>>> print(open('query29.csv').read())   # CSV, C-alpha atoms
chain,number,residue,atom,x,y,z
A,1,MET,CA,-1.4,14.6,-8.2
A,2,GLY,CA,-2.0,18.3,-7.6
A,3,ASN,CA,0.1,20.2,-5.1
A,4,ARG,CA,3.6,19.1,-4.3
A,5,LEU,CA,5.1,19.9,-0.9
A,6,THR,CA,7.3,22.9,-0.9
A,7,GLN,CA,7.4,23.3,2.8
A,8,ILE,CA,6.8,20.8,5.6
A,9,ALA,CA,5.8,22.9,8.6
A,10,THR,CA,2.7,24.7,7.3
A,11,ARG,CA,0.8,25.0,10.7
A,12,THR,CA,-2.4,24.3,8.8
A,13,GLY,CA,-2.9,21.1,10.8
A,14,ASP,CA,-2.7,22.8,14.2
A,15,ALA,CA,-6.5,22.7,14.7
A,16,GLY,CA,-6.6,18.9,14.2
A,17,THR,CA,-7.4,18.8,10.5
A,18,THR,CA,-5.4,17.9,7.4
A,19,GLY,CA,-5.7,18.6,3.8
A,20,LEU,CA,-6.6,15.9,1.3
A,21,GLY,CA,-5.4,15.9,-2.3
A,22,ASP,CA,-8.7,17.4,-3.5
A,23,ASN,CA,-8.1,20.4,-1.2
A,24,THR,CA,-10.8,19.4,1.3
A,25,ARG,CA,-9.9,19.4,5.0
A,26,VAL,CA,-10.8,16.5,7.3
A,27,SER,CA,-10.2,15.5,10.9
A,28,LYS,CA,-6.9,13.9,11.5
A,29,ASN,CA,-8.9,11.2,13.2
A,30,SER,CA,-11.1,10.4,10.1
A,31,LEU,CA,-11.2,6.9,8.7
A,32,ARG,CA,-9.5,8.1,5.5
A,33,VAL,CA,-6.6,9.6,7.4
A,34,HIS,CA,-6.2,6.5,9.5
A,35,ALA,CA,-6.1,4.4,6.3
A,36,MET,CA,-3.5,6.7,4.8
A,37,GLY,CA,-1.4,6.6,7.9
A,38,GLU,CA,-1.5,2.8,8.1
A,39,VAL,CA,-0.3,2.5,4.4
A,40,ASP,CA,2.4,5.1,5.1
A,41,GLU,CA,3.6,3.1,8.2
A,42,LEU,CA,3.7,-0.1,6.1
A,43,ASN,CA,5.8,1.6,3.4
A,44,SER,CA,8.2,2.8,6.2
A,45,HIS,CA,8.5,-0.7,7.6
A,46,ILE,CA,9.3,-2.0,4.1
A,47,GLY,CA,12.0,0.7,4.0
A,48,VAL,CA,13.5,-0.7,7.2
A,49,LEU,CA,13.3,-4.2,5.7
A,50,LEU,CA,15.2,-3.0,2.7
A,51,CYS,CA,18.2,-2.2,5.0
A,52,GLU,CA,18.8,-5.9,5.3
A,53,ASP,CA,20.7,-8.3,3.1
A,54,MET,CA,18.5,-10.1,0.6
A,55,ALA,CA,18.5,-11.4,-3.0
A,56,PRO,CA,18.4,-8.8,-5.7
A,57,ASP,CA,15.0,-10.0,-7.0
A,58,VAL,CA,13.4,-9.7,-3.6
A,59,ARG,CA,14.9,-6.2,-3.2
A,60,THR,CA,13.6,-5.2,-6.6
A,61,LEU,CA,10.1,-6.5,-5.7
A,62,LEU,CA,10.0,-4.6,-2.4
A,63,VAL,CA,11.1,-1.4,-4.1
A,64,GLU,CA,8.2,-1.8,-6.6
A,65,ILE,CA,5.8,-2.5,-3.7
A,66,GLN,CA,6.9,0.8,-2.1
A,67,HIS,CA,6.0,2.6,-5.3
A,68,GLN,CA,2.6,0.9,-5.4
A,69,LEU,CA,2.0,1.7,-1.7
A,70,PHE,CA,2.7,5.4,-2.6
A,71,ASN,CA,0.1,5.1,-5.3
A,72,LEU,CA,-2.3,3.6,-2.8
A,73,GLY,CA,-1.7,6.4,-0.4
A,74,GLY,CA,-2.2,8.9,-3.1
A,75,GLU,CA,-5.5,7.2,-4.1
A,76,LEU,CA,-6.7,7.3,-0.5
A,77,SER,CA,-5.8,11.0,-0.3
A,78,ILE,CA,-8.1,11.9,-3.2
A,79,PRO,CA,-11.6,10.6,-2.8
A,80,GLY,CA,-12.9,8.9,-6.0
A,81,PHE,CA,-9.4,8.9,-7.7
A,82,GLU,CA,-7.7,5.8,-8.9
A,83,LEU,CA,-3.9,5.5,-8.9
A,84,LEU,CA,-3.4,1.8,-7.9
A,85,LYS,CA,-4.2,-0.3,-10.9
A,86,PRO,CA,-5.6,-3.9,-10.8
A,87,GLU,CA,-2.3,-5.0,-12.6
A,88,ALA,CA,-0.5,-4.3,-9.3
A,89,VAL,CA,-2.6,-7.0,-7.6
A,90,LEU,CA,-1.8,-9.4,-10.4
A,91,ALA,CA,1.9,-8.7,-9.9
A,92,LEU,CA,1.6,-9.7,-6.3
A,93,ASP,CA,-0.2,-12.9,-7.3
A,94,ASP,CA,2.7,-13.7,-9.7
A,95,ALA,CA,5.2,-13.0,-6.9
A,96,LEU,CA,3.3,-15.1,-4.5
A,97,ALA,CA,3.3,-18.1,-6.9
A,98,THR,CA,7.0,-17.7,-7.7
A,99,TYR,CA,8.2,-17.5,-4.2
A,100,ASN,CA,5.8,-19.9,-2.6
A,101,GLU,CA,6.7,-22.7,-5.0
A,102,GLN,CA,10.3,-22.5,-3.7
A,103,LEU,CA,9.2,-23.3,-0.1
A,104,PRO,CA,8.4,-26.6,1.6
A,105,ARG,CA,4.8,-27.1,2.7
A,106,LEU,CA,4.0,-25.9,6.2
A,107,GLN,CA,3.5,-28.7,8.7
A,108,GLU,CA,2.8,-26.3,11.6
A,109,PHE,CA,2.3,-22.7,12.4
A,110,ILE,CA,5.5,-20.6,12.4
A,111,LEU,CA,6.5,-17.9,14.7
A,112,PRO,CA,7.3,-14.4,13.5
A,113,ALA,CA,11.0,-15.0,14.1
A,114,GLY,CA,14.2,-16.2,12.7
A,115,SER,CA,16.5,-13.8,10.9
A,116,ARG,CA,16.2,-10.1,11.4
A,117,ALA,CA,15.1,-9.7,7.8
A,118,ALA,CA,12.4,-12.4,8.2
A,119,SER,CA,11.2,-10.9,11.5
A,120,GLN,CA,10.9,-7.4,9.8
A,121,ALA,CA,9.0,-9.0,6.9
A,122,HIS,CA,6.6,-10.4,9.6
A,123,VAL,CA,6.2,-6.9,11.0
A,124,CYS,CA,5.4,-5.7,7.5
A,125,ARG,CA,2.8,-8.5,7.2
A,126,THR,CA,1.0,-7.5,10.4
A,127,VAL,CA,1.0,-3.8,9.5
A,128,ALA,CA,-0.3,-4.7,6.0
A,129,ARG,CA,-3.2,-6.5,7.8
A,130,ARG,CA,-3.9,-3.5,9.9
A,131,ALA,CA,-3.8,-1.2,6.8
A,132,GLU,CA,-6.2,-3.6,5.2
A,133,ARG,CA,-8.6,-3.4,8.1
A,134,ALA,CA,-8.4,0.4,8.0
A,135,VAL,CA,-9.2,0.4,4.3
A,136,VAL,CA,-12.1,-2.0,4.9
A,137,ALA,CA,-13.4,0.4,7.6
A,138,LEU,CA,-13.2,3.3,5.3
A,139,GLY,CA,-14.9,1.3,2.5
A,140,ASN,CA,-17.8,0.6,4.9
A,141,GLU,CA,-18.4,4.3,5.2
A,142,GLU,CA,-17.4,5.7,1.7
A,143,ALA,CA,-17.3,4.3,-1.8
A,144,LEU,CA,-13.8,2.8,-2.6
A,145,LYS,CA,-12.5,0.8,-5.4
A,146,GLU,CA,-11.7,-2.9,-4.7
A,147,THR,CA,-8.0,-2.7,-5.7
A,148,PRO,CA,-6.6,-1.1,-2.5
A,149,ARG,CA,-8.3,-3.7,-0.3
A,150,GLN,CA,-7.2,-6.5,-2.6
A,151,TYR,CA,-3.6,-5.2,-2.8
A,152,LEU,CA,-3.2,-5.0,0.9
A,153,ASN,CA,-4.7,-8.5,1.4
A,154,ARG,CA,-2.3,-10.0,-1.2
A,155,LEU,CA,0.6,-8.0,0.2
A,156,SER,CA,0.2,-9.4,3.7
A,157,ASP,CA,0.2,-12.9,2.2
A,158,LEU,CA,3.3,-12.1,0.2
A,159,MET,CA,5.1,-10.7,3.2
A,160,PHE,CA,4.5,-14.0,5.0
A,161,VAL,CA,6.0,-15.9,2.1
A,162,LEU,CA,8.9,-13.5,1.8
A,163,ALA,CA,9.6,-13.9,5.6
A,164,ARG,CA,10.0,-17.7,4.9
A,165,VAL,CA,12.2,-17.0,1.9
A,166,LEU,CA,14.4,-14.6,3.9
A,167,ASN,CA,14.7,-17.1,6.8
A,168,ARG,CA,16.2,-19.6,4.3
A,169,MET,CA,18.9,-17.2,3.2
A,170,ASN,CA,22.3,-18.6,4.2
A,171,GLY,CA,20.8,-21.9,5.3
A,172,GLY,CA,18.3,-20.8,7.9
A,173,ASP,CA,14.7,-22.1,8.4
A,174,ASP,CA,11.4,-21.2,9.8
A,175,VAL,CA,10.9,-21.1,13.6
A,176,TYR,CA,8.0,-23.5,14.3
A,177,TRP,CA,5.4,-23.1,17.0
A,178,LYS,CA,5.7,-25.8,19.6
A,179,SER,CA,2.1,-26.9,19.7
A,180,GLU,CA,0.9,-28.8,22.8
A,181,ARG,CA,-1.5,-30.7,20.6
A,182,MET,CA,1.1,-31.7,18.2
A,183,ALA,CA,3.5,-32.7,21.0
A,184,GLN,CA,0.8,-35.0,22.4
A,185,GLN,CA,0.2,-36.6,19.0
A,186,ASP,CA,3.9,-37.2,18.3
A,187,PRO,CA,5.8,-37.7,21.6
A,188,GLN,CA,9.5,-37.7,21.2
A,189,PRO,CA,11.4,-40.7,22.6
>>> encode(input="query29.csv", output="C-alpha coordinates")
Amino acid sequence: MGNRLTQIATRTGDAGTTGLGDNTRVSKNSLRVHAMGEVDELNSHIGVLLCEDMAPDVRTLLVEIQHQLFNLGGELSIPGFELLKPEAVLALDDALATYNEQLPRLQEFILPAGSRAASQAHVCRTVARRAERAVVALGNEEALKETPRQYLNRLSDLMFVLARVLNRMNGGDDVYWKSERMAQQDPQP
(Lines of atoms letter the chains of each structure in order from A and count residues from 1; the text may use other names and numbers.)
(Lines give C-alpha, C1' and ligand atoms only; values in the text may rest on other atoms or scores of the structure.)
Protein backbone atom coordinates (compact mmCIF):
# COMPACT_ATOMS: atom_id res chain seq x y z
CA MET A 1 0.00 0.00 0.00
CA GLY A 2 1.27 3.42 -0.90
CA ASN A 3 0.64 6.33 1.39
CA ARG A 4 0.02 5.88 5.09
CA LEU A 5 -2.10 8.37 6.96
CA THR A 6 -0.03 10.91 8.79
CA GLN A 7 -2.92 13.25 9.53
CA ILE A 8 -6.65 12.69 9.61
CA ALA A 9 -8.17 16.10 8.84
CA THR A 10 -6.75 16.90 5.41
CA ARG A 11 -9.73 18.92 4.10
CA THR A 12 -9.14 17.32 0.69
CA GLY A 13 -12.62 15.76 0.80
CA ASP A 14 -14.51 18.99 1.42
CA ALA A 15 -15.62 19.12 -2.23
CA GLY A 16 -17.27 15.68 -2.04
CA THR A 17 -14.42 13.61 -3.44
CA THR A 18 -12.02 11.19 -1.84
CA GLY A 19 -8.64 9.84 -2.80
CA LEU A 20 -8.16 6.20 -3.75
CA GLY A 21 -4.99 4.22 -3.11
CA ASP A 22 -3.81 4.84 -6.68
CA ASN A 23 -3.99 8.63 -6.08
CA THR A 24 -7.09 9.15 -8.23
CA ARG A 25 -10.00 11.11 -6.82
CA VAL A 26 -13.60 9.92 -7.06
CA SER A 27 -16.96 11.07 -5.77
CA LYS A 28 -17.71 10.02 -2.23
CA ASN A 29 -20.95 8.70 -3.70
CA SER A 30 -19.25 6.36 -6.18
CA LEU A 31 -19.99 2.63 -6.14
CA ARG A 32 -16.38 1.95 -5.16
CA VAL A 33 -16.56 4.23 -2.14
CA HIS A 34 -19.91 2.70 -1.13
CA ALA A 35 -18.38 -0.78 -1.26
CA MET A 36 -15.36 0.36 0.75
CA GLY A 37 -17.66 1.94 3.34
CA GLU A 38 -19.79 -1.19 3.70
CA VAL A 39 -16.70 -3.32 4.27
CA ASP A 40 -15.42 -0.80 6.81
CA GLU A 41 -18.76 -0.82 8.64
CA LEU A 42 -18.73 -4.63 8.71
CA ASN A 43 -15.24 -4.61 10.19
CA SER A 44 -16.39 -2.15 12.85
CA HIS A 45 -19.38 -4.33 13.76
CA ILE A 46 -17.06 -7.31 14.16
CA GLY A 47 -15.01 -5.12 16.50
CA VAL A 48 -18.14 -4.59 18.60
CA LEU A 49 -18.80 -8.34 18.58
CA LEU A 50 -15.26 -8.92 19.85
CA CYS A 51 -16.18 -6.97 23.02
CA GLU A 52 -18.38 -9.92 24.03
CA ASP A 53 -17.39 -13.13 25.83
CA MET A 54 -16.66 -16.00 23.46
CA ALA A 55 -14.49 -19.05 23.04
CA PRO A 56 -10.85 -18.28 22.24
CA ASP A 57 -11.06 -20.07 18.86
CA VAL A 58 -14.02 -17.91 17.79
CA ARG A 59 -12.18 -14.78 18.92
CA THR A 60 -9.06 -15.77 16.96
CA LEU A 61 -11.18 -16.43 13.87
CA LEU A 62 -12.92 -13.05 14.12
CA VAL A 63 -9.63 -11.18 14.52
CA GLU A 64 -8.30 -12.93 11.39
CA ILE A 65 -11.50 -11.95 9.57
CA GLN A 66 -10.92 -8.33 10.56
CA HIS A 67 -7.46 -8.47 8.98
CA GLN A 68 -8.89 -10.01 5.81
CA LEU A 69 -11.59 -7.34 5.66
CA PHE A 70 -8.86 -4.72 5.88
CA ASN A 71 -7.18 -6.45 2.93
CA LEU A 72 -10.51 -6.38 1.09
CA GLY A 73 -10.94 -2.67 1.79
CA GLY A 74 -7.41 -2.04 0.55
CA GLU A 75 -8.11 -4.00 -2.61
CA LEU A 76 -11.27 -1.98 -3.24
CA SER A 77 -9.34 1.26 -2.72
CA ILE A 78 -6.86 0.45 -5.48
CA PRO A 79 -8.59 -0.46 -8.77
CA GLY A 80 -7.06 -3.57 -10.33
CA PHE A 81 -5.03 -4.49 -7.23
CA GLU A 82 -5.29 -7.82 -5.36
CA LEU A 83 -4.82 -8.07 -1.60
CA LEU A 84 -7.49 -10.60 -0.60
CA LYS A 85 -6.29 -14.03 -1.67
CA PRO A 86 -8.50 -17.01 -2.63
CA GLU A 87 -7.04 -18.86 0.40
CA ALA A 88 -9.03 -16.48 2.61
CA VAL A 89 -12.26 -17.85 1.12
CA LEU A 90 -11.05 -21.41 1.73
CA ALA A 91 -10.35 -20.52 5.37
CA LEU A 92 -13.97 -19.38 5.73
CA ASP A 93 -15.15 -22.63 4.11
CA ASP A 94 -13.11 -24.59 6.65
CA ALA A 95 -14.51 -22.55 9.55
CA LEU A 96 -18.05 -23.02 8.22
CA ALA A 97 -17.58 -26.79 8.12
CA THR A 98 -16.03 -26.89 11.59
CA TYR A 99 -18.63 -24.80 13.39
CA ASN A 100 -21.67 -26.00 11.44
CA GLU A 101 -20.96 -29.65 12.27
CA GLN A 102 -21.28 -28.78 16.00
CA LEU A 103 -24.85 -27.51 15.55
CA PRO A 104 -28.17 -29.33 15.38
CA ARG A 105 -30.03 -29.21 12.07
CA LEU A 106 -32.40 -26.30 11.73
CA GLN A 107 -36.07 -27.26 11.87
CA GLU A 108 -37.39 -23.74 11.41
CA PHE A 109 -36.14 -20.24 10.69
CA ILE A 110 -34.46 -18.52 13.59
CA LEU A 111 -34.79 -14.92 14.68
CA PRO A 112 -31.73 -12.67 14.91
CA ALA A 113 -31.91 -12.83 18.69
CA GLY A 114 -30.74 -14.66 21.79
CA SER A 115 -27.60 -13.52 23.53
CA ARG A 116 -26.11 -10.11 22.88
CA ALA A 117 -23.09 -11.74 21.17
CA ALA A 118 -25.34 -13.81 18.90
CA SER A 119 -27.47 -10.80 18.07
CA GLN A 120 -24.36 -8.80 17.18
CA ALA A 121 -23.19 -11.68 14.98
CA HIS A 122 -26.53 -11.41 13.16
CA VAL A 123 -25.91 -7.68 12.66
CA CYS A 124 -22.53 -8.62 11.17
CA ARG A 125 -24.30 -11.14 8.91
CA THR A 126 -26.70 -8.54 7.54
CA VAL A 127 -23.97 -5.95 7.04
CA ALA A 128 -21.88 -8.58 5.24
CA ARG A 129 -24.82 -9.17 2.88
CA ARG A 130 -25.10 -5.42 2.26
CA ALA A 131 -21.35 -5.21 1.62
CA GLU A 132 -21.69 -8.12 -0.80
CA ARG A 133 -24.45 -6.29 -2.69
CA ALA A 134 -22.27 -3.18 -2.89
CA VAL A 135 -19.36 -5.22 -4.28
CA VAL A 136 -21.69 -6.89 -6.80
CA ALA A 137 -22.96 -3.46 -7.90
CA LEU A 138 -19.38 -2.23 -8.32
CA GLY A 139 -18.50 -5.42 -10.24
CA ASN A 140 -21.38 -4.76 -12.62
CA GLU A 141 -19.75 -1.44 -13.55
CA GLU A 142 -16.02 -2.18 -13.23
CA ALA A 143 -13.81 -5.24 -13.52
CA LEU A 144 -13.30 -6.89 -10.12
CA LYS A 145 -11.76 -10.15 -9.06
CA GLU A 146 -14.16 -12.82 -7.76
CA THR A 147 -12.54 -13.23 -4.35
CA PRO A 148 -14.05 -10.12 -2.66
CA ARG A 149 -17.59 -11.14 -3.62
CA GLN A 150 -17.00 -14.77 -2.63
CA TYR A 151 -15.42 -13.77 0.68
CA LEU A 152 -18.36 -11.60 1.69
CA ASN A 153 -20.85 -14.25 0.62
CA ARG A 154 -19.11 -16.91 2.69
CA LEU A 155 -18.60 -14.53 5.61
CA SER A 156 -22.31 -13.78 5.91
CA ASP A 157 -22.99 -17.54 6.06
CA LEU A 158 -20.28 -17.95 8.70
CA MET A 159 -21.71 -15.11 10.81
CA PHE A 160 -25.09 -16.92 10.79
CA VAL A 161 -23.41 -20.11 11.99
CA LEU A 162 -21.36 -18.22 14.61
CA ALA A 163 -24.53 -16.56 15.90
CA ARG A 164 -25.92 -20.04 16.52
CA VAL A 165 -22.64 -21.10 18.20
CA LEU A 166 -22.65 -17.98 20.39
CA ASN A 167 -26.28 -18.59 21.39
CA ARG A 168 -25.26 -22.00 22.70
CA MET A 169 -22.57 -20.60 24.95
CA ASN A 170 -23.51 -21.19 28.57
CA GLY A 171 -26.44 -23.42 27.65
CA GLY A 172 -28.47 -21.04 25.45
CA ASP A 173 -30.26 -21.89 22.20
CA ASP A 174 -31.56 -20.33 19.01
CA VAL A 175 -34.73 -18.25 19.09
CA TYR A 176 -37.12 -19.89 16.64
CA TRP A 177 -39.64 -18.07 14.50
CA LYS A 178 -43.20 -18.95 15.45
CA SER A 179 -44.51 -19.79 12.02
CA GLU A 180 -48.28 -19.74 11.58
CA ARG A 181 -47.97 -22.51 8.99
CA MET A 182 -45.97 -24.71 11.36
CA ALA A 183 -48.40 -24.04 14.20
CA GLN A 184 -51.30 -25.23 12.02
CA GLN A 185 -49.44 -28.41 11.06
CA ASP A 186 -48.45 -29.25 14.62
CA PRO A 187 -51.10 -27.93 17.03
CA GLN A 188 -50.08 -28.09 20.68
CA PRO A 189 -52.54 -29.88 23.01
>>> atom_distance(input="query29.csv", atom1="CA of Ile110 (chain A)", atom2="CA of Leu162 (chain A)")
13.2 Å
>>> residues_around(input="query29.csv", residues="region 138-154 of chain A", least_positions_apart="2", cutoff="10 Å", atoms="only C-alpha atoms", output="number ranges by chain")
A: 30-35, 39, 42, 65, 68-69, 71-73, 75-76, 79-93, 95-96, 125, 127-136, 156-159
>>> atom_distance(input="query29.csv", atom1="CA of Tyr99 (chain A)", atom2="CA of Trp177 (chain A)")
22.1 Å
>>> atom_distance(input="query29.csv", atom1="CA of Glu108 (chain A)", atom2="CA of Asn167 (chain A)")
15.8 Å
>>> closest_residue(input="query29.csv", among="A:Leu155, A:Met36, A:Val26, A:Leu166", to="Phe70 (chain A)", atoms="all atoms listed in the file")
A:Met36
>>> closest_residue(input="query29.csv", among="A:Gln120, A:Gln107, A:Ser77, A:Thr98", to="Arg25 (chain A)", atoms="all atoms listed in the file")
A:Ser77
>>> residues_around(input="query29.csv", residues="Ala113 (chain A)", least_positions_apart="4", cutoff="10 Å", atoms="all atoms listed in the file", output="list in words")
Ala117, Ala118, Ser119, Gln120, Ala121, His122, Val123, Ala163, Arg164, Asn167, Asp173, Asp174, Val175 and Tyr176 of chain A
>>> write_last_selection(input="query29.csv", atoms="C-alpha atoms", output="PDB file, in the frame of the given file")
ATOM      1  CA  ALA A 117      15.100  -9.700   7.800  1.00  0.00           C
ATOM      2  CA  ALA A 118      12.400 -12.400   8.200  1.00  0.00           C
ATOM      3  CA  SER A 119      11.200 -10.900  11.500  1.00  0.00           C
ATOM      4  CA  GLN A 120      10.900  -7.400   9.800  1.00  0.00           C
ATOM      5  CA  ALA A 121       9.000  -9.000   6.900  1.00  0.00           C
ATOM      6  CA  HIS A 122       6.600 -10.400   9.600  1.00  0.00           C
ATOM      7  CA  VAL A 123       6.200  -6.900  11.000  1.00  0.00           C
ATOM      8  CA  ALA A 163       9.600 -13.900   5.600  1.00  0.00           C
ATOM      9  CA  ARG A 164      10.000 -17.700   4.900  1.00  0.00           C
ATOM     10  CA  ASN A 167      14.700 -17.100   6.800  1.00  0.00           C
ATOM     11  CA  ASP A 173      14.700 -22.100   8.400  1.00  0.00           C
ATOM     12  CA  ASP A 174      11.400 -21.200   9.800  1.00  0.00           C
ATOM     13  CA  VAL A 175      10.900 -21.100  13.600  1.00  0.00           C
ATOM     14  CA  TYR A 176       8.000 -23.500  14.300  1.00  0.00           C
TER      15      TYR A 176
END
>>> closest_residue(input="query29.csv", among="A:His67, A:Lys178, A:Arg116, A:Arg168", to="Pro104 (chain A)", atoms="only C-alpha atoms")
A:Arg168
